[in-house]
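Colleague: This one is work_33.pdb, PDB, C-alpha atoms, pLDDT in the B column.
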```pdb
ATOM      1  CA  MET A 114      13.515  -4.373  -8.349  1.00 84.00           C
ATOM      2  CA  GLY A 115      11.907  -3.343  -5.080  1.00 90.00           C
ATOM      3  CA  ALA A 116       8.576  -4.182  -3.479  1.00 93.00           C
ATOM      4  CA  LEU A 117       5.206  -2.445  -3.587  1.00 94.00           C
ATOM      5  CA  VAL A 118       2.646  -2.990  -0.833  1.00 94.00           C
ATOM      6  CA  THR A 119      -0.913  -1.688  -0.933  1.00 95.00           C
ATOM      7  CA  LEU A 120      -4.440  -2.611   0.051  1.00 91.00           C
ATOM      8  CA  ASP A 121      -6.400  -4.964  -2.174  1.00 90.00           C
ATOM      9  CA  LEU A 122      -9.793  -3.245  -2.219  1.00 89.00           C
ATOM     10  CA  PRO A 123     -13.050  -4.070  -3.987  1.00 91.00           C
ATOM     11  CA  ASP A 124     -14.002  -1.800  -6.882  1.00 92.00           C
ATOM     12  CA  ASP A 125     -16.781  -0.171  -4.839  1.00 93.00           C
ATOM     13  CA  SER A 126     -14.676   0.606  -1.746  1.00 91.00           C
ATOM     14  CA  PRO A 127     -15.113   4.177  -0.489  1.00 89.00           C
ATOM     15  CA  MET A 128     -11.410   4.194   0.369  1.00 90.00           C
ATOM     16  CA  LEU A 129     -10.552   4.339  -3.331  1.00 92.00           C
ATOM     17  CA  GLY A 130     -11.736   7.956  -3.453  1.00 91.00           C
ATOM     18  CA  LEU A 131      -9.529   9.090  -0.578  1.00 92.00           C
ATOM     19  CA  PRO A 132      -6.159  10.780  -1.035  1.00 94.00           C
ATOM     20  CA  TRP A 133      -3.263   8.286  -0.926  1.00 96.00           C
ATOM     21  CA  ILE A 134       0.311   8.568   0.328  1.00 96.00           C
ATOM     22  CA  ILE A 135       3.455   6.626  -0.504  1.00 97.00           C
ATOM     23  CA  THR A 136       6.028   5.703   2.123  1.00 97.00           C
ATOM     24  CA  PHE A 137       9.389   4.683   0.678  1.00 97.00           C
ATOM     25  CA  GLY A 138      11.791   2.841   2.922  1.00 95.00           C
ATOM     26  CA  PRO A 139      14.605   0.318   2.917  1.00 93.00           C
ATOM     27  CA  LEU A 140      13.796  -3.122   1.541  1.00 90.00           C
ATOM     28  CA  THR A 141      16.068  -4.952   3.961  1.00 86.00           C
ATOM     29  CA  GLU A 142      17.070  -4.498   7.565  1.00 84.00           C
ATOM     30  CA  ALA A 143      20.674  -4.066   6.449  1.00 84.00           C
ATOM     31  CA  ASP A 144      19.823  -0.580   5.188  1.00 86.00           C
ATOM     32  CA  GLU A 145      18.836   1.968   7.792  1.00 88.00           C
ATOM     33  CA  TRP A 146      17.455   5.343   6.851  1.00 92.00           C
ATOM     34  CA  GLU A 147      14.356   7.327   7.639  1.00 93.00           C
ATOM     35  CA  PRO A 148      11.398   6.551   5.393  1.00 94.00           C
ATOM     36  CA  VAL A 149      10.317   9.186   2.886  1.00 96.00           C
ATOM     37  CA  VAL A 150       6.589   9.975   2.796  1.00 96.00           C
ATOM     38  CA  CYS A 151       5.133  11.533  -0.369  1.00 95.00           C
ATOM     39  CA  GLY A 152       1.653  12.699  -1.214  1.00 92.00           C
ATOM     40  CA  PRO A 153      -1.211  13.059  -1.091  1.00 93.00           C
ATOM     41  CA  TYR A 154      -2.065  11.704  -4.525  1.00 95.00           C
ATOM     42  CA  GLU A 155      -5.023  10.099  -6.187  1.00 95.00           C
ATOM     43  CA  ARG A 156      -4.717   6.329  -5.855  1.00 95.00           C
ATOM     44  CA  ALA A 157      -3.829   5.655  -9.501  1.00 94.00           C
ATOM     45  CA  HIS A 158      -1.108   8.314  -9.421  1.00 95.00           C
ATOM     46  CA  ALA A 159       0.300   6.995  -6.129  1.00 96.00           C
ATOM     47  CA  LEU A 160       0.473   3.447  -7.489  1.00 95.00           C
ATOM     48  CA  ALA A 161       2.088   4.553 -10.748  1.00 95.00           C
ATOM     49  CA  LEU A 162       4.707   6.681  -8.976  1.00 95.00           C
ATOM     50  CA  ALA A 163       5.517   3.912  -6.505  1.00 95.00           C
ATOM     51  CA  GLU A 164       5.831   1.360  -9.330  1.00 94.00           C
ATOM     52  CA  ALA A 165       8.131   3.660 -11.288  1.00 93.00           C
ATOM     53  CA  VAL A 166      10.458   4.125  -8.309  1.00 94.00           C
ATOM     54  CA  VAL A 167      10.617   0.515  -7.073  1.00 93.00           C
ATOM     55  CA  ALA A 168      11.067  -0.816 -10.614  1.00 91.00           C
ATOM     56  CA  GLU A 169      14.554   0.694 -10.626  1.00 88.00           C
ATOM     57  CA  GLU A 170      15.504   0.729  -6.936  1.00 89.00           C
ATOM     58  CA  GLN A 171      15.809  -1.817  -4.140  1.00 91.00           C
ATOM     59  CA  LEU A 172      13.180  -0.079  -1.992  1.00 94.00           C
ATOM     60  CA  MET A 173       9.904  -0.858  -0.286  1.00 95.00           C
ATOM     61  CA  ALA A 174       6.955   1.365  -1.212  1.00 96.00           C
ATOM     62  CA  VAL A 175       3.779   1.292   0.867  1.00 97.00           C
ATOM     63  CA  VAL A 176       0.795   2.952  -0.816  1.00 97.00           C
ATOM     64  CA  GLU A 177      -2.052   3.643   1.596  1.00 96.00           C
ATOM     65  CA  PRO A 178      -5.054   5.916   1.972  1.00 93.00           C
ATOM     66  CA  LEU A 179      -4.774   9.137   3.902  1.00 89.00           C
ATOM     67  CA  LEU A 180      -7.697   9.486   6.268  1.00 84.00           C
ATOM     68  CA  PRO A 181      -8.715  13.148   6.515  1.00 80.00           C
ATOM     69  CA  ALA A 182      -9.854  13.100  10.164  1.00 81.00           C
ATOM     70  CA  LEU A 183     -11.326  16.367  11.384  1.00 78.00           C
ATOM     71  CA  SER A 184     -11.075  15.810  15.137  1.00 87.00           C
ATOM     72  CA  ALA A 185      -9.056  14.041  17.794  1.00 90.00           C
ATOM     73  CA  GLU A 186     -12.078  11.787  18.426  1.00 92.00           C
ATOM     74  CA  GLU A 187     -12.091  10.622  14.789  1.00 90.00           C
ATOM     75  CA  ILE A 188      -8.373   9.829  15.026  1.00 90.00           C
ATOM     76  CA  ARG A 189      -8.887   7.923  18.284  1.00 93.00           C
ATOM     77  CA  GLY A 190     -11.700   5.957  16.629  1.00 92.00           C
ATOM     78  CA  GLU A 191      -9.445   4.998  13.697  1.00 89.00           C
ATOM     79  CA  ILE A 192      -6.667   3.962  16.088  1.00 92.00           C
ATOM     80  CA  ALA A 193      -9.100   1.840  18.132  1.00 94.00           C
ATOM     81  CA  ALA A 194     -10.438   0.182  14.977  1.00 89.00           C
ATOM     82  CA  ALA A 195      -6.889  -0.625  13.818  1.00 87.00           C
ATOM     83  CA  GLN A 196      -5.988  -2.059  17.223  1.00 93.00           C
ATOM     84  CA  ILE A 197      -9.116  -4.246  17.283  1.00 93.00           C
ATOM     85  CA  ALA A 198      -8.418  -5.472  13.751  1.00 88.00           C
ATOM     86  CA  ALA A 199      -4.829  -6.376  14.731  1.00 88.00           C
ATOM     87  CA  GLU A 200      -6.028  -8.256  17.823  1.00 90.00           C
ATOM     88  CA  ASP A 201      -8.621 -10.147  15.742  1.00 86.00           C
ATOM     89  CA  GLU A 202      -5.975 -11.058  13.161  1.00 83.00           C
ATOM     90  CA  ALA A 203      -3.622 -12.329  15.881  1.00 80.00           C
ATOM     91  CA  ALA A 204      -6.411 -14.401  17.460  1.00 80.00           C
ATOM     92  CA  ARG A 205      -7.369 -15.940  14.107  1.00 78.00           C
ATOM     93  CA  ALA A 206      -3.730 -16.806  13.414  1.00 74.00           C
ATOM     94  CA  GLU A 207      -3.385 -18.536  16.783  1.00 74.00           C
ATOM     95  CA  GLU A 208      -6.629 -20.507  16.355  1.00 71.00           C
ATOM     96  CA  SER A 209      -5.869 -21.832  12.905  1.00 65.00           C
ATOM     97  CA  ASP A 210      -3.105 -23.942  11.519  1.00 57.00           C
ATOM     98  CA  LEU A 211      -2.046 -21.311   9.008  1.00 54.00           C
ATOM     99  CA  TYR A 212       1.420 -22.568   8.456  1.00 55.00           C
ATOM    100  CA  GLY A 213       0.808 -26.323   8.233  1.00 54.00           C
ATOM    101  CA  ASP A 214       3.133 -27.661   5.553  1.00 50.00           C
ATOM    102  CA  PHE A 215       3.586 -24.256   3.941  1.00 53.00           C
ATOM    103  CA  GLU A 216       7.372 -24.509   3.950  1.00 52.00           C
ATOM    104  CA  ASP A 217       7.237 -27.782   2.029  1.00 52.00           C
ATOM    105  CA  VAL A 218       5.239 -26.451  -0.917  1.00 55.00           C
ATOM    106  CA  ILE A 219       5.977 -22.728  -1.140  1.00 60.00           C
ATOM    107  CA  ASP A 220       8.941 -23.039  -3.516  1.00 64.00           C
ATOM    108  CA  GLU A 221       7.005 -25.248  -5.922  1.00 68.00           C
ATOM    109  CA  GLU A 222       3.970 -22.952  -5.849  1.00 67.00           C
ATOM    110  CA  LEU A 223       6.071 -19.850  -6.436  1.00 66.00           C
ATOM    111  CA  GLU A 224       7.867 -21.488  -9.353  1.00 70.00           C
ATOM    112  CA  ARG A 225       4.582 -22.548 -10.980  1.00 72.00           C
ATOM    113  CA  ALA A 226       3.097 -19.081 -10.490  1.00 68.00           C
ATOM    114  CA  ALA A 227       6.184 -17.426 -11.993  1.00 66.00           C
ATOM    115  CA  GLU A 228       5.978 -19.693 -15.044  1.00 70.00           C
ATOM    116  CA  GLN A 229       2.297 -18.930 -15.613  1.00 73.00           C
ATOM    117  CA  GLN A 230       2.320 -15.178 -15.221  1.00 69.00           C
ATOM    118  CA  PRO A 231       4.114 -12.693 -17.465  1.00 71.00           C
ATOM    119  CA  VAL A 232       6.505 -10.266 -15.808  1.00 66.00           C
ATOM    120  CA  PRO A 233       4.451  -7.173 -14.958  1.00 68.00           C
ATOM    121  CA  GLN A 234       5.610  -3.884 -16.410  1.00 75.00           C
ATOM    122  CA  PRO A 235       5.295  -0.787 -14.219  1.00 75.00           C
ATOM    123  CA  SER A 236       2.660   1.729 -15.180  1.00 78.00           C
ATOM    124  CA  PRO A 237       4.058   4.948 -16.620  1.00 85.00           C
ATOM    125  CA  ALA A 238       4.554   7.591 -13.954  1.00 87.00           C
ATOM    126  CA  PRO A 239       2.054  10.468 -14.196  1.00 90.00           C
ATOM    127  CA  SER A 240       3.291  13.784 -15.551  1.00 91.00           C
ATOM    128  CA  ARG A 241       3.629  16.922 -13.428  1.00 90.00           C
ATOM    129  CA  ASP A 242       0.443  18.296 -14.980  1.00 93.00           C
ATOM    130  CA  GLU A 243      -1.471  15.107 -14.171  1.00 92.00           C
ATOM    131  CA  LEU A 244      -0.189  15.191 -10.586  1.00 90.00           C
ATOM    132  CA  ARG A 245      -1.098  18.863 -10.164  1.00 91.00           C
ATOM    133  CA  ALA A 246      -4.606  18.201 -11.506  1.00 93.00           C
ATOM    134  CA  GLY A 247      -4.915  15.308  -9.049  1.00 91.00           C
ATOM    135  CA  LEU A 248      -3.750  17.512  -6.174  1.00 90.00           C
ATOM    136  CA  ALA A 249      -6.353  20.128  -7.128  1.00 91.00           C
ATOM    137  CA  ARG A 250      -9.061  17.454  -7.066  1.00 91.00           C
ATOM    138  CA  ILE A 251      -7.861  16.232  -3.650  1.00 89.00           C
ATOM    139  CA  ALA A 252      -7.811  19.790  -2.284  1.00 88.00           C
ATOM    140  CA  ALA A 253     -11.358  20.349  -3.528  1.00 88.00           C
ATOM    141  CA  GLN A 254     -12.459  17.075  -1.976  1.00 84.00           C
ATOM    142  CA  LEU A 255     -10.837  17.831   1.379  1.00 80.00           C
ATOM    143  CA  THR A 256     -12.173  21.380   1.620  1.00 83.00           C
ATOM    144  CA  ALA A 257     -15.708  20.268   0.670  1.00 80.00           C
ATOM    145  CA  LYS A 258     -15.950  17.912   3.698  1.00 64.00           C
ATOM    146  CA  ASP A 259     -18.098  18.978   6.641  1.00 59.00           C
TER     147      ASP A 259
END
```
Would you mind writing the file's structure down as C-alpha cells?
Modeller:
Amino acid sequence: MGALVTLDLPDDSPMLGLPWIITFGPLTEADEWEPVVCGPYERAHALALAEAVVAEEQLMAVVEPLLPALSAEEIRGEIAAAQIAAEDEAARAEESDLYGDFEDVIDEELERAAEQQPVPQPSPAPSRDELRAGLARIAAQLTAKD
C-alpha cells in the first residue's frame, strides 16, 4: 500500500470547489522516476482515483487544488503567499519545542491508534462517465471566470 497526501480543509473552504490534480511519484528515495501528474478532476474524483492507485501500488499520491490563475501577477501573488507561509512555518518550528520526547512515545501512540481504528478501505474509483461529467463541470467553471 502506498501513501496519499492531501490538504485537510474545512467543509466551507472555497478551495474545495477548485479543480484538483494528482501527482504520483515514488514512495521511497530508492526509486527514481519522473512524477506523473493527472487531472484536473473534481476533488472527490481525484481522491478516489488516488486511493484506488495507491491501494495496490507502492507509490506516493499528492492530491492538491489547481489554482486557475489568469495573469502572471496572480501567479506571483500565490508564489509569494506560499513562500511567506513556509517562512512562518519554519519560524514557528524553531521557536517551539515540537519534537520534545516525540521519539519516546511515537511507537506506542501509533500502536494504540492502529488498534482503535479499522483499516480504511479505498473509495471506489469513479467511472469514465463520472470523470467526463466532472471534467465538463470543471471546464464550465473555468470558462465562466472573469
Colleague: I'd like to know which of A:Leu140, A:Ile251, A:Ala182, A:Ala257 is closest to A:Leu117, using all atoms listed in the file.
Modeller: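 Ranking A:Leu140, A:Ile251, A:Ala182, A:Ala257 by distance to A:Leu117, first place goes to A:Leu140.
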Colleague: List as a ChimeraX atom specification the protein and nucleic acid residues near A:Pro181, meaning an atom at most 12 Å away when all atoms listed in the file are counted, but skip any in the same chain fewer than 3 places from it.
Modeller: /A:128,130-134,153,178,184-185,187-188,191,251-252,254-259
Colleague: Could you please determine the separation between atom CA of A:Ala238 and atom CA of A:Cys151 in Å, to one decimal place?
Modeller: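 The value is 14.2 Å.
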Colleague: Could you tell me which residues the PyMOL selection byres ((chain A and resi 137) around 10) grabs in this file, written as a ChimeraX atom specification?
Modeller: /A:116-117,134-136,138-140,147-151,163,166-167,172-176
Colleague: Separation of atom CA of A:Glu164 and atom CA of A:Thr119, in Å?
Modeller: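 These atoms are spaced 11.2 Å apart.
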Colleague: By how many Å are atom CA of A:Ala168 and atom CA of A:Gly115 apart?
Modeller: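 Taking atom CA of A:Ala168 as the start and atom CA of A:Gly115 as the end point, the length is 6.1 Å.
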Colleague: Between A:Pro237, A:Arg189, A:Arg225, A:Arg205, which residue has the minimum interatomic distance to A:Ala165, considering all atoms listed in the file?
Modeller: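 Among A:Pro237, A:Arg189, A:Arg225, A:Arg205, it is A:Pro237 that comes nearest to A:Ala165.
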Colleague: Ranking A:Glu142, A:Glu177, A:Glu228, A:Glu169 by minimum distance to A:Glu155 and counting only C-alpha atoms, which one comes first?
Modeller: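 Nearest candidate to A:Glu155 out of A:Glu142, A:Glu177, A:Glu228, A:Glu169: A:Glu177.
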